[in-house]
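Data block for upload.pdb (PDB, C-alpha atoms):
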ATOM      1  CA  MET C1492       0.000   0.000   0.000
ATOM      2  CA  ALA C1493       1.316   3.371  -0.948
ATOM      3  CA  ASN C1494       2.198   5.850   1.701
ATOM      4  CA  THR C1495       0.004   8.590   0.373
ATOM      5  CA  VAL C1496      -3.718   8.074   0.074
ATOM      6  CA  ILE C1497      -6.117  10.840  -0.871
ATOM      7  CA  GLY C1498      -9.255   9.470   0.804
ATOM      8  CA  SER C1499     -12.704   9.418  -0.732
ATOM      9  CA  SER C1500     -13.955  12.497   1.103
ATOM     10  CA  ILE C1501     -10.900  14.613   0.257
ATOM     11  CA  MET C1502     -10.888  17.158  -2.542
ATOM     12  CA  ILE C1503      -7.743  18.810  -3.841
ATOM     13  CA  ASP C1504      -7.725  21.717  -6.240
ATOM     14  CA  GLY C1505      -4.199  22.506  -7.342
ATOM     15  CA  GLU C1506      -0.942  20.804  -8.025
ATOM     16  CA  ILE C1507       0.407  17.542  -6.619
ATOM     17  CA  SER C1508       4.017  16.601  -7.140
ATOM     18  CA  GLY C1509       6.303  14.082  -5.535
ATOM     19  CA  ASP C1510       8.560  11.076  -5.725
ATOM     20  CA  GLU C1511       6.473   8.378  -4.079
ATOM     21  CA  ASP C1512       3.405   6.312  -4.927
ATOM     22  CA  LEU C1513       0.033   8.005  -4.719
ATOM     23  CA  VAL C1514      -3.437   6.491  -4.374
ATOM     24  CA  ILE C1515      -6.449   8.653  -5.172
ATOM     25  CA  GLN C1516      -9.856   7.655  -3.844
ATOM     26  CA  GLY C1517     -11.158  11.223  -3.704
ATOM     27  CA  THR C1518     -11.247  14.158  -6.111
ATOM     28  CA  VAL C1519      -8.245  15.938  -7.589
ATOM     29  CA  LYS C1520      -8.398  18.866  -9.988
ATOM     30  CA  GLY C1521      -5.358  20.533 -11.473
ATOM     31  CA  LYS C1522      -2.086  18.831 -12.202
ATOM     32  CA  ILE C1523      -0.315  15.707 -10.980
ATOM     33  CA  SER C1524       3.353  15.041 -11.593
ATOM     34  CA  LEU C1525       4.961  12.053  -9.932
ATOM     35  CA  LYS C1526       8.137  10.077 -10.358
ATOM     36  CA  GLU C1527       6.497   6.817  -9.288
ATOM     37  CA  SER C1528       3.101   5.154  -9.596
ATOM     38  CA  LEU C1529      -0.323   6.722  -9.509
ATOM     39  CA  ILE C1530      -3.397   4.647  -8.753
ATOM     40  CA  VAL C1531      -6.844   6.130  -9.296
ATOM     41  CA  GLU C1532      -9.255   3.807  -7.526
ATOM     42  CA  GLY C1533     -12.909   3.211  -8.391
ATOM     43  CA  SER C1534     -14.155   6.081  -6.236
ATOM     44  CA  GLY C1535     -11.465   8.448  -7.526
ATOM     45  CA  VAL C1536     -12.286  11.379  -9.780
ATOM     46  CA  VAL C1537      -9.386  13.161 -11.438
ATOM     47  CA  GLU C1538      -9.646  16.202 -13.650
ATOM     48  CA  ALA C1539      -6.002  16.858 -14.251
ATOM     49  CA  ASP C1540      -3.089  16.467 -16.576
ATOM     50  CA  ILE C1541      -0.996  13.590 -15.313
ATOM     51  CA  GLU C1542       2.719  13.061 -15.696
ATOM     52  CA  THR C1543       4.135   9.974 -14.045
ATOM     53  CA  GLN C1544       5.947   6.668 -14.506
ATOM     54  CA  ASN C1545       3.011   4.265 -14.074
ATOM     55  CA  VAL C1546      -0.729   4.911 -13.896
ATOM     56  CA  GLU C1547      -3.432   2.467 -12.996
ATOM     57  CA  ILE C1548      -6.953   3.809 -13.475
ATOM     58  CA  GLY C1549     -10.069   2.224 -12.031
ATOM     59  CA  GLY C1550     -12.008   5.462 -11.614
ATOM     60  CA  GLN C1551     -12.694   8.543 -13.687
ATOM     61  CA  VAL C1552      -9.968  10.590 -15.301
ATOM     62  CA  THR C1553     -10.359  13.610 -17.536
ATOM     63  CA  GLY C1554      -7.085  15.013 -18.804
ATOM     64  CA  ASN C1555      -3.987  14.125 -20.737
ATOM     65  CA  ILE C1556      -1.717  11.404 -19.429
ATOM     66  CA  VAL C1557       2.004  11.118 -20.072
ATOM     67  CA  ALA C1558       3.681   8.073 -18.523
ATOM     68  CA  SER C1559       7.315   7.066 -18.914
ATOM     69  CA  ASP C1560       6.495   3.374 -18.456
ATOM     70  CA  LYS C1561       2.908   2.131 -18.426
ATOM     71  CA  VAL C1562      -0.737   3.204 -18.420
ATOM     72  CA  GLU C1563      -3.314   0.651 -17.365
ATOM     73  CA  LEU C1564      -7.034   1.271 -17.854
ATOM     74  CA  LYS C1565      -8.999  -1.218 -15.796
ATOM     75  CA  SER C1566     -12.515  -2.383 -16.476
ATOM     76  CA  ASP C1567     -15.163   0.086 -15.222
ATOM     77  CA  CYS C1568     -12.840   3.071 -15.573
ATOM     78  CA  ARG C1569     -13.818   6.140 -17.590
ATOM     79  CA  VAL C1570     -11.011   8.046 -19.199
ATOM     80  CA  VAL C1571     -11.209  11.029 -21.522
ATOM     81  CA  GLY C1572      -7.939  12.470 -22.802
ATOM     82  CA  ASP C1573      -4.803  11.651 -24.718
ATOM     83  CA  ILE C1574      -2.387   9.017 -23.505
ATOM     84  CA  LYS C1575       1.297   8.978 -24.266
ATOM     85  CA  ALA C1576       3.260   6.013 -22.936
ATOM     86  CA  PRO C1577       5.411   3.166 -24.278
ATOM     87  CA  ARG C1578       2.983   0.597 -22.813
ATOM     88  CA  VAL C1579      -0.780   1.063 -22.717
ATOM     89  CA  LEU C1580      -3.156  -1.638 -21.453
ATOM     90  CA  ILE C1581      -6.905  -1.342 -21.808
ATOM     91  CA  ALA C1582      -9.003  -3.955 -20.054
ATOM     92  CA  ASP C1583     -12.322  -5.263 -21.316
ATOM     93  CA  GLY C1584     -15.107  -3.036 -19.981
ATOM     94  CA  ALA C1585     -13.072   0.152 -19.796
ATOM     95  CA  SER C1586     -14.422   3.349 -21.406
ATOM     96  CA  PHE C1587     -11.861   5.506 -23.115
ATOM     97  CA  LYS C1588     -11.968   8.428 -25.487
ATOM     98  CA  GLY C1589      -8.801  10.014 -26.812
ATOM     99  CA  ASN C1590      -5.579   9.346 -28.627
ATOM    100  CA  VAL C1591      -2.979   6.769 -27.731
ATOM    101  CA  ASP C1592       0.626   7.436 -28.612
ATOM    102  CA  MET C1593       3.035   4.563 -27.943
ATOM    103  CA  ASP C1594       5.839   6.082 -29.933
ATOM    104  CA  ARG C1595       9.003   4.268 -28.919
ATOM    105  CA  LYS C1596      12.252   5.844 -29.796
TER     106      LYS C1596
ATOM    107  CA  MET F 121      -8.262   8.325   6.718
ATOM    108  CA  ALA F 122      -6.059  10.101   4.216
ATOM    109  CA  THR F 123      -2.309  10.504   4.303
ATOM    110  CA  ILE F 124      -0.028  12.821   2.361
ATOM    111  CA  GLY F 125       3.310  10.990   2.398
ATOM    112  CA  LYS F 126       6.821  12.369   2.816
ATOM    113  CA  GLY F 127       7.669  12.589  -0.863
ATOM    114  CA  ILE F 128       4.521  14.443  -1.873
ATOM    115  CA  THR F 129       4.017  18.164  -2.380
ATOM    116  CA  ILE F 130       0.588  19.721  -2.857
ATOM    117  CA  ARG F 131       0.010  23.286  -3.984
ATOM    118  CA  GLY F 132      -3.552  24.530  -3.944
ATOM    119  CA  THR F 133      -6.732  23.946  -2.017
ATOM    120  CA  LEU F 134      -7.389  20.822  -0.022
ATOM    121  CA  THR F 135     -10.900  20.226   1.288
ATOM    122  CA  GLY F 136     -12.619  17.247   2.827
ATOM    123  CA  GLY F 137     -14.505  15.506   5.568
ATOM    124  CA  ALA F 138     -12.042  12.793   6.575
ATOM    125  CA  ASP F 139      -9.158  12.831   9.000
ATOM    126  CA  LEU F 140      -5.917  13.798   7.324
ATOM    127  CA  ASN F 141      -2.265  13.117   8.135
ATOM    128  CA  ILE F 142       0.353  15.267   6.485
ATOM    129  CA  GLU F 143       3.904  13.904   6.345
ATOM    130  CA  GLY F 144       4.834  15.838   3.207
ATOM    131  CA  GLN F 145       4.422  19.426   2.093
ATOM    132  CA  VAL F 146       1.236  21.401   1.550
ATOM    133  CA  GLU F 147       1.037  24.995   0.360
ATOM    134  CA  GLY F 148      -2.221  26.912  -0.035
ATOM    135  CA  HIS F 149      -5.494  26.367   1.802
ATOM    136  CA  ILE F 150      -6.744  23.483   3.905
ATOM    137  CA  ASN F 151     -10.421  23.164   4.801
ATOM    138  CA  LEU F 152     -11.257  20.075   6.808
ATOM    139  CA  LYS F 153     -14.279  18.999   8.824
ATOM    140  CA  ASN F 154     -12.313  16.644  11.044
ATOM    141  CA  HIS F 155      -8.888  16.096  12.527
ATOM    142  CA  LEU F 156      -5.742  17.290  10.792
ATOM    143  CA  THR F 157      -2.372  16.029  11.992
ATOM    144  CA  ILE F 158       0.864  17.550  10.766
ATOM    145  CA  GLU F 159       3.505  14.916  11.437
ATOM    146  CA  GLN F 160       7.124  15.654  12.369
ATOM    147  CA  THR F 161       8.235  15.469   8.744
ATOM    148  CA  GLY F 162       5.287  17.573   7.582
ATOM    149  CA  ARG F 163       5.611  21.156   6.441
ATOM    150  CA  VAL F 164       2.491  23.210   5.921
ATOM    151  CA  GLN F 165       2.374  26.725   4.588
ATOM    152  CA  ALA F 166      -1.320  27.399   4.446
ATOM    153  CA  GLU F 167      -4.408  28.998   5.841
ATOM    154  CA  VAL F 168      -5.964  26.181   7.822
ATOM    155  CA  LYS F 169      -9.606  25.775   8.823
ATOM    156  CA  VAL F 170     -10.304  22.562  10.715
ATOM    157  CA  GLU F 171     -12.178  21.121  13.654
ATOM    158  CA  ASN F 172      -9.134  19.650  15.416
ATOM    159  CA  LEU F 173      -5.492  20.245  14.673
ATOM    160  CA  THR F 174      -2.411  18.485  16.025
ATOM    161  CA  ILE F 175       0.947  19.897  15.012
ATOM    162  CA  ASN F 176       4.140  17.872  15.397
ATOM    163  CA  GLY F 177       5.948  19.424  12.438
ATOM    164  CA  GLU F 178       6.289  22.835  10.838
ATOM    165  CA  MET F 179       3.356  25.128  10.235
ATOM    166  CA  LEU F 180       3.299  28.636   8.791
ATOM    167  CA  GLY F 181      -0.024  30.423   8.448
ATOM    168  CA  ASP F 182      -3.205  31.313  10.248
ATOM    169  CA  ILE F 183      -5.234  28.613  11.964
ATOM    170  CA  SER F 184      -8.903  28.583  12.718
ATOM    171  CA  ALA F 185     -10.183  25.537  14.596
ATOM    172  CA  GLY F 186     -13.720  24.750  15.715
ATOM    173  CA  GLU F 187     -12.584  22.803  18.711
ATOM    174  CA  ARG F 188      -8.930  22.372  19.576
ATOM    175  CA  VAL F 189      -5.378  23.135  18.473
ATOM    176  CA  SER F 190      -2.542  21.131  19.992
ATOM    177  CA  ILE F 191       1.089  22.097  19.412
ATOM    178  CA  SER F 192       3.519  19.380  20.510
ATOM    179  CA  ASN F 193       7.104  19.772  21.687
ATOM    180  CA  THR F 194       8.548  18.936  18.240
ATOM    181  CA  ALA F 195       6.466  21.589  16.469
ATOM    182  CA  LYS F 196       7.458  24.917  14.985
ATOM    183  CA  VAL F 197       4.497  27.205  14.392
ATOM    184  CA  LYS F 198       4.211  30.737  13.073
ATOM    185  CA  GLY F 199       0.799  32.329  12.639
ATOM    186  CA  ASP F 200      -2.349  33.402  14.417
ATOM    187  CA  ILE F 201      -4.565  30.836  16.098
ATOM    188  CA  ARG F 202      -8.278  31.113  16.683
ATOM    189  CA  ALA F 203      -9.788  28.240  18.642
ATOM    190  CA  PRO F 204     -11.718  27.678  21.878
ATOM    191  CA  ARG F 205      -9.000  25.331  23.170
ATOM    192  CA  VAL F 206      -5.291  25.729  22.504
ATOM    193  CA  VAL F 207      -2.639  23.461  24.024
ATOM    194  CA  ILE F 208       1.068  24.222  23.711
ATOM    195  CA  ASP F 209       3.514  21.626  25.007
ATOM    196  CA  ASP F 210       6.769  22.417  26.761
ATOM    197  CA  GLY F 211       9.492  22.702  24.090
ATOM    198  CA  ALA F 212       7.185  23.788  21.280
ATOM    199  CA  ARG F 213       8.133  26.889  19.305
ATOM    200  CA  PHE F 214       5.274  29.257  18.609
ATOM    201  CA  ASN F 215       5.179  32.760  17.253
ATOM    202  CA  GLY F 216       1.860  34.541  16.805
ATOM    203  CA  SER F 217      -1.343  35.490  18.520
ATOM    204  CA  ILE F 218      -3.941  33.266  20.145
ATOM    205  CA  ASP F 219      -7.613  34.093  20.298
ATOM    206  CA  MET F 220      -9.656  31.715  22.470
ATOM    207  CA  ASP F 221     -12.692  33.959  22.303
ATOM    208  CA  VAL F 222     -12.740  34.338  26.064
ATOM    209  CA  LYS F 223     -15.551  36.412  27.481
ATOM    210  CA  LEU F 224     -13.991  39.009  29.772
ATOM    211  CA  PRO F 225     -15.893  40.334  32.772
ATOM    212  CA  ASP F 226     -17.652  43.640  32.046
ATOM    213  CA  ASP F 227     -15.642  45.630  34.582
ATOM    214  CA  LEU F 228     -12.312  44.934  32.910
TER     215      LEU F 228
END
Kindly present the structure from the file in structure tokens form.
Amino acid sequence: MANTVIGSSIMIDGEISGDEDLVIQGTVKGKISLKESLIVEGSGVVEADIETQNVEIGGQVTGNIVASDKVELKSDCRVVGDIKAPRVLIADGASFKGNVDMDRK
Amino acid sequence: MATIGKGITIRGTLTGGADLNIEGQVEGHINLKNHLTIEQTGRVQAEVKVENLTINGEMLGDISAGERVSISNTAKVKGDIRAPRVVIDDGARFNGSIDMDVKLPDDL
């Protein structure tokens, strides 16, 4: 379990940055930039541009995602935005609207 | 229960109804209906409105609490406090004013 958990009744409007794993069960608006993994759980609502290494989305995300490693869209998630990452996984049942760019150099 | 870990920095407004533990950095505004704890590693530079506040770390900004503010001996606090109950431990560093909304007798 990650050290930082934004609980379901917490709302953040602004910028989150850091170098450790983050779990979002609540609401975040603004911008997220992390050096590690971000997990948006089923109850999580994110309206933000995301820049991180790994993202796992089970909740709702609106915004562009740039990941240096992997983006995983789980079933029941709703994602609107463009994804840029070398590895993108979309599970059966996930809703997604946007572009995927897996451009590997 | 929510926790902001050591490696995390938040800039902006944080609102909510759950208890919150801050081990990292928060700048901006915090509005909470429950208990906020600033751990020893935590650094908060914000206007804080909470019900209960426990400070073990560093806090810069004005505090308004519905019930109680507790400043422990490891804390460093700068700002004005408004709360019915304020506890400052021996060894704590505090700079600012405290308003406990005490009703003074009329003849004073």
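We find atom CA of Ile142 of chain F and atom CA of Lys1561 of chain C to be spaced 28.3 Å apart.
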Review point. Quick one: distance from atom CA of Lys1565 of chain C to atom CA of Lys1526 of chain C in Å, one decimal?
Key: 21.2 Å
Review point. Residues picked by the ChimeraX specification (/C :<6) & /F here, as a PyMOL selection string?
Key: chain F and resi 122-125+127-138
**Study point:** Test item: the PyMOL selection byres ((chain C and resi 1576-1587) around 10) resolved as a ChimeraX atom specification
**Key:** /C:1543-1553,1556-1575,1588-1596
Review point. Applied to the shown file, which residues does the PyMOL selection byres ((chain F and resi 200) around 8) return, written as a ChimeraX atom specification?
Key: /F:181-183,198-199,201-202,216-219
May I have the selected residues written with C-alpha atoms, as a compact mmCIF listing (two decimals), keeping the file's coordinate frame?
# COMPACT_ATOMS: atom_id res chain seq x y z
CA GLY F 181 -0.02 30.42 8.45
CA ASP F 182 -3.20 31.31 10.25
CA ILE F 183 -5.23 28.61 11.96
CA LYS F 198 4.21 30.74 13.07
CA GLY F 199 0.80 32.33 12.64
CA ILE F 201 -4.57 30.84 16.10
CA ARG F 202 -8.28 31.11 16.68
CA GLY F 216 1.86 34.54 16.80
CA SER F 217 -1.34 35.49 18.52
CA ILE F 218 -3.94 33.27 20.14
CA ASP F 219 -7.61 34.09 20.30
Point to revise | Residue contacts of Thr194 of chain F (6 Å, all atoms listed in the file) excluding same-chain residues fewer than 2 positions away, as a ChimeraX atom specification | key: /F:176,192,212
The selected residues should be written to file as a PDB file, in the coordinates of the input (atoms: C-alpha atoms).
ATOM      1  CA  ASN F 176       4.140  17.872  15.397  1.00  0.00           C
ATOM      2  CA  SER F 192       3.519  19.380  20.510  1.00  0.00           C
ATOM      3  CA  ALA F 212       7.185  23.788  21.280  1.00  0.00           C
TER       4      ALA F 212
END
Extract, using only C-alpha atoms, all DNA, RNA and protein residues at most 9 Å from Lys196 of chain F, discarding same-chain residues fewer than 3 positions from it, and format them as a CSV table (one decimal) with C-alpha atoms, in the coordinates of the input.
chain,number,residue,atom,x,y,z
F,175,ILE,CA,0.9,19.9,15.0
F,176,ASN,CA,4.1,17.9,15.4
F,177,GLY,CA,5.9,19.4,12.4
F,178,GLU,CA,6.3,22.8,10.8
F,179,MET,CA,3.4,25.1,10.2
F,180,LEU,CA,3.3,28.6,8.8
F,191,ILE,CA,1.1,22.1,19.4
F,192,SER,CA,3.5,19.4,20.5
F,193,ASN,CA,7.1,19.8,21.7
F,212,ALA,CA,7.2,23.8,21.3
F,213,ARG,CA,8.1,26.9,19.3
F,214,PHE,CA,5.3,29.3,18.6
F,215,ASN,CA,5.2,32.8,17.3
Review point. Do you know which residues are at most 6 Å from Gln145 of chain F counting only C-alpha atoms, after dropping those on the same chain fewer than 3 positions away, and could you put them as a list in words?
Key: Thr129, Gly162, Arg163 and Val164 of chain F
Practice item. Find the residues with any atom within 9 Å of (-9.6, 26.7, 15.9); use all atoms listed in the file and the coordinates as given in the file, and write the answer as a list in words. Key: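 Here the neighbourhood of the point contains Val168, Lys169, Val170, Glu171, Asn172, Leu173, Ile183, Ser184, Ala185, Gly186, Glu187, Arg188, Val189, Ile201, Arg202, Ala203, Pro204, Arg205, Val206, Asp219 and Met220 of chain F.
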Check your understanding: What does the distance between atom CA of Leu140 of chain F and atom CA of Val1536 of chain C come to in Å, to one decimal place?
Key ->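 Straight-line distance from atom CA of Leu140 of chain F to atom CA of Val1536 of chain C works out to 18.4 Å.
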Segment 1560-1594 of chain C from the block above: N, CA and C atoms written as a CSV table (one decimal), in the first residue's frame:
chain,number,residue,atom,x,y,z
C,1560,ASP,N,6.5,4.8,-18.4
C,1560,ASP,CA,6.5,3.4,-18.5
C,1560,ASP,C,5.2,2.8,-19.0
C,1561,LYS,N,4.1,2.9,-18.1
C,1561,LYS,CA,2.9,2.1,-18.4
C,1561,LYS,C,1.6,2.9,-18.0
C,1562,VAL,N,0.6,2.7,-18.8
C,1562,VAL,CA,-0.7,3.2,-18.4
C,1562,VAL,C,-1.7,2.0,-18.5
C,1563,GLU,N,-2.4,1.8,-17.4
C,1563,GLU,CA,-3.3,0.7,-17.4
C,1563,GLU,C,-4.7,1.2,-17.1
C,1564,LEU,N,-5.6,0.9,-18.0
C,1564,LEU,CA,-7.0,1.3,-17.9
C,1564,LEU,C,-7.8,0.0,-17.5
C,1565,LYS,N,-8.3,0.0,-16.3
C,1565,LYS,CA,-9.0,-1.2,-15.8
C,1565,LYS,C,-10.5,-1.2,-16.2
C,1566,SER,N,-11.1,-2.3,-16.1
C,1566,SER,CA,-12.5,-2.4,-16.5
C,1566,SER,C,-13.3,-1.5,-15.5
C,1567,ASP,N,-14.3,-0.9,-16.0
C,1567,ASP,CA,-15.2,0.1,-15.2
C,1567,ASP,C,-14.5,1.5,-15.1
C,1568,CYS,N,-13.4,1.7,-15.6
C,1568,CYS,CA,-12.8,3.1,-15.6
C,1568,CYS,C,-13.4,3.9,-16.7
C,1569,ARG,N,-13.4,5.2,-16.5
C,1569,ARG,CA,-13.8,6.1,-17.6
C,1569,ARG,C,-12.7,7.2,-17.8
C,1570,VAL,N,-12.1,7.2,-19.0
C,1570,VAL,CA,-11.0,8.0,-19.2
C,1570,VAL,C,-11.3,8.8,-20.5
C,1571,VAL,N,-11.1,10.2,-20.4
C,1571,VAL,CA,-11.2,11.0,-21.5
C,1571,VAL,C,-9.9,11.8,-21.6
C,1572,GLY,N,-9.2,11.7,-22.7
C,1572,GLY,CA,-7.9,12.5,-22.8
C,1572,GLY,C,-6.9,11.7,-23.6
C,1573,ASP,N,-5.8,12.3,-23.9
C,1573,ASP,CA,-4.8,11.7,-24.7
C,1573,ASP,C,-3.8,10.9,-23.8
C,1574,ILE,N,-3.4,9.8,-24.3
C,1574,ILE,CA,-2.4,9.0,-23.5
C,1574,ILE,C,-1.1,8.9,-24.3
C,1575,LYS,N,0.0,9.2,-23.6
C,1575,LYS,CA,1.3,9.0,-24.3
C,1575,LYS,C,2.1,8.1,-23.3
C,1576,ALA,N,2.5,6.9,-23.8
C,1576,ALA,CA,3.3,6.0,-22.9
C,1576,ALA,C,3.7,4.9,-23.8
C,1577,PRO,N,4.9,4.3,-23.5
C,1577,PRO,CA,5.4,3.2,-24.3
C,1577,PRO,C,4.5,1.9,-24.2
C,1578,ARG,N,3.9,1.8,-23.0
C,1578,ARG,CA,3.0,0.6,-22.8
C,1578,ARG,C,1.6,1.1,-22.4
C,1579,VAL,N,0.6,0.7,-23.1
C,1579,VAL,CA,-0.8,1.1,-22.7
C,1579,VAL,C,-1.6,-0.2,-22.7
C,1580,LEU,N,-2.3,-0.5,-21.6
C,1580,LEU,CA,-3.2,-1.6,-21.5
C,1580,LEU,C,-4.6,-1.2,-21.2
C,1581,ILE,N,-5.5,-1.7,-22.0
C,1581,ILE,CA,-6.9,-1.3,-21.8
C,1581,ILE,C,-7.7,-2.6,-21.6
C,1582,ALA,N,-8.3,-2.7,-20.4
C,1582,ALA,CA,-9.0,-4.0,-20.1
C,1582,ALA,C,-10.4,-3.9,-20.7
C,1583,ASP,N,-11.0,-5.1,-20.8
C,1583,ASP,CA,-12.3,-5.3,-21.3
C,1583,ASP,C,-13.3,-4.6,-20.3
C,1584,GLY,N,-14.1,-3.7,-20.8
C,1584,GLY,CA,-15.1,-3.0,-20.0
C,1584,GLY,C,-14.7,-1.6,-19.7
C,1585,ALA,N,-13.5,-1.2,-20.0
C,1585,ALA,CA,-13.1,0.2,-19.8
C,1585,ALA,C,-13.7,1.1,-20.8
C,1586,SER,N,-14.0,2.3,-20.4
C,1586,SER,CA,-14.4,3.3,-21.4
C,1586,SER,C,-13.3,4.3,-21.6
C,1587,PHE,N,-13.0,4.6,-22.8
C,1587,PHE,CA,-11.9,5.5,-23.1
C,1587,PHE,C,-12.1,6.3,-24.4
C,1588,LYS,N,-11.9,7.6,-24.3
C,1588,LYS,CA,-12.0,8.4,-25.5
C,1588,LYS,C,-10.7,9.3,-25.6
C,1589,GLY,N,-10.0,9.2,-26.7
C,1589,GLY,CA,-8.8,10.0,-26.8
C,1589,GLY,C,-7.8,9.3,-27.7
C,1590,ASN,N,-6.6,9.9,-27.8
C,1590,ASN,CA,-5.6,9.3,-28.6
C,1590,ASN,C,-4.6,8.5,-27.8
C,1591,VAL,N,-4.1,7.5,-28.4
C,1591,VAL,CA,-3.0,6.8,-27.7
C,1591,VAL,C,-1.7,6.9,-28.6
C,1592,ASP,N,-0.7,7.3,-27.9
C,1592,ASP,CA,0.6,7.4,-28.6
C,1592,ASP,C,1.7,6.6,-27.9
C,1593,MET,N,2.1,5.5,-28.6
C,1593,MET,CA,3.0,4.6,-27.9
C,1593,MET,C,4.4,4.7,-28.5
C,1594,ASP,N,4.6,5.8,-29.2
C,1594,ASP,CA,5.8,6.1,-29.9
C,1594,ASP,C,7.1,5.7,-29.1
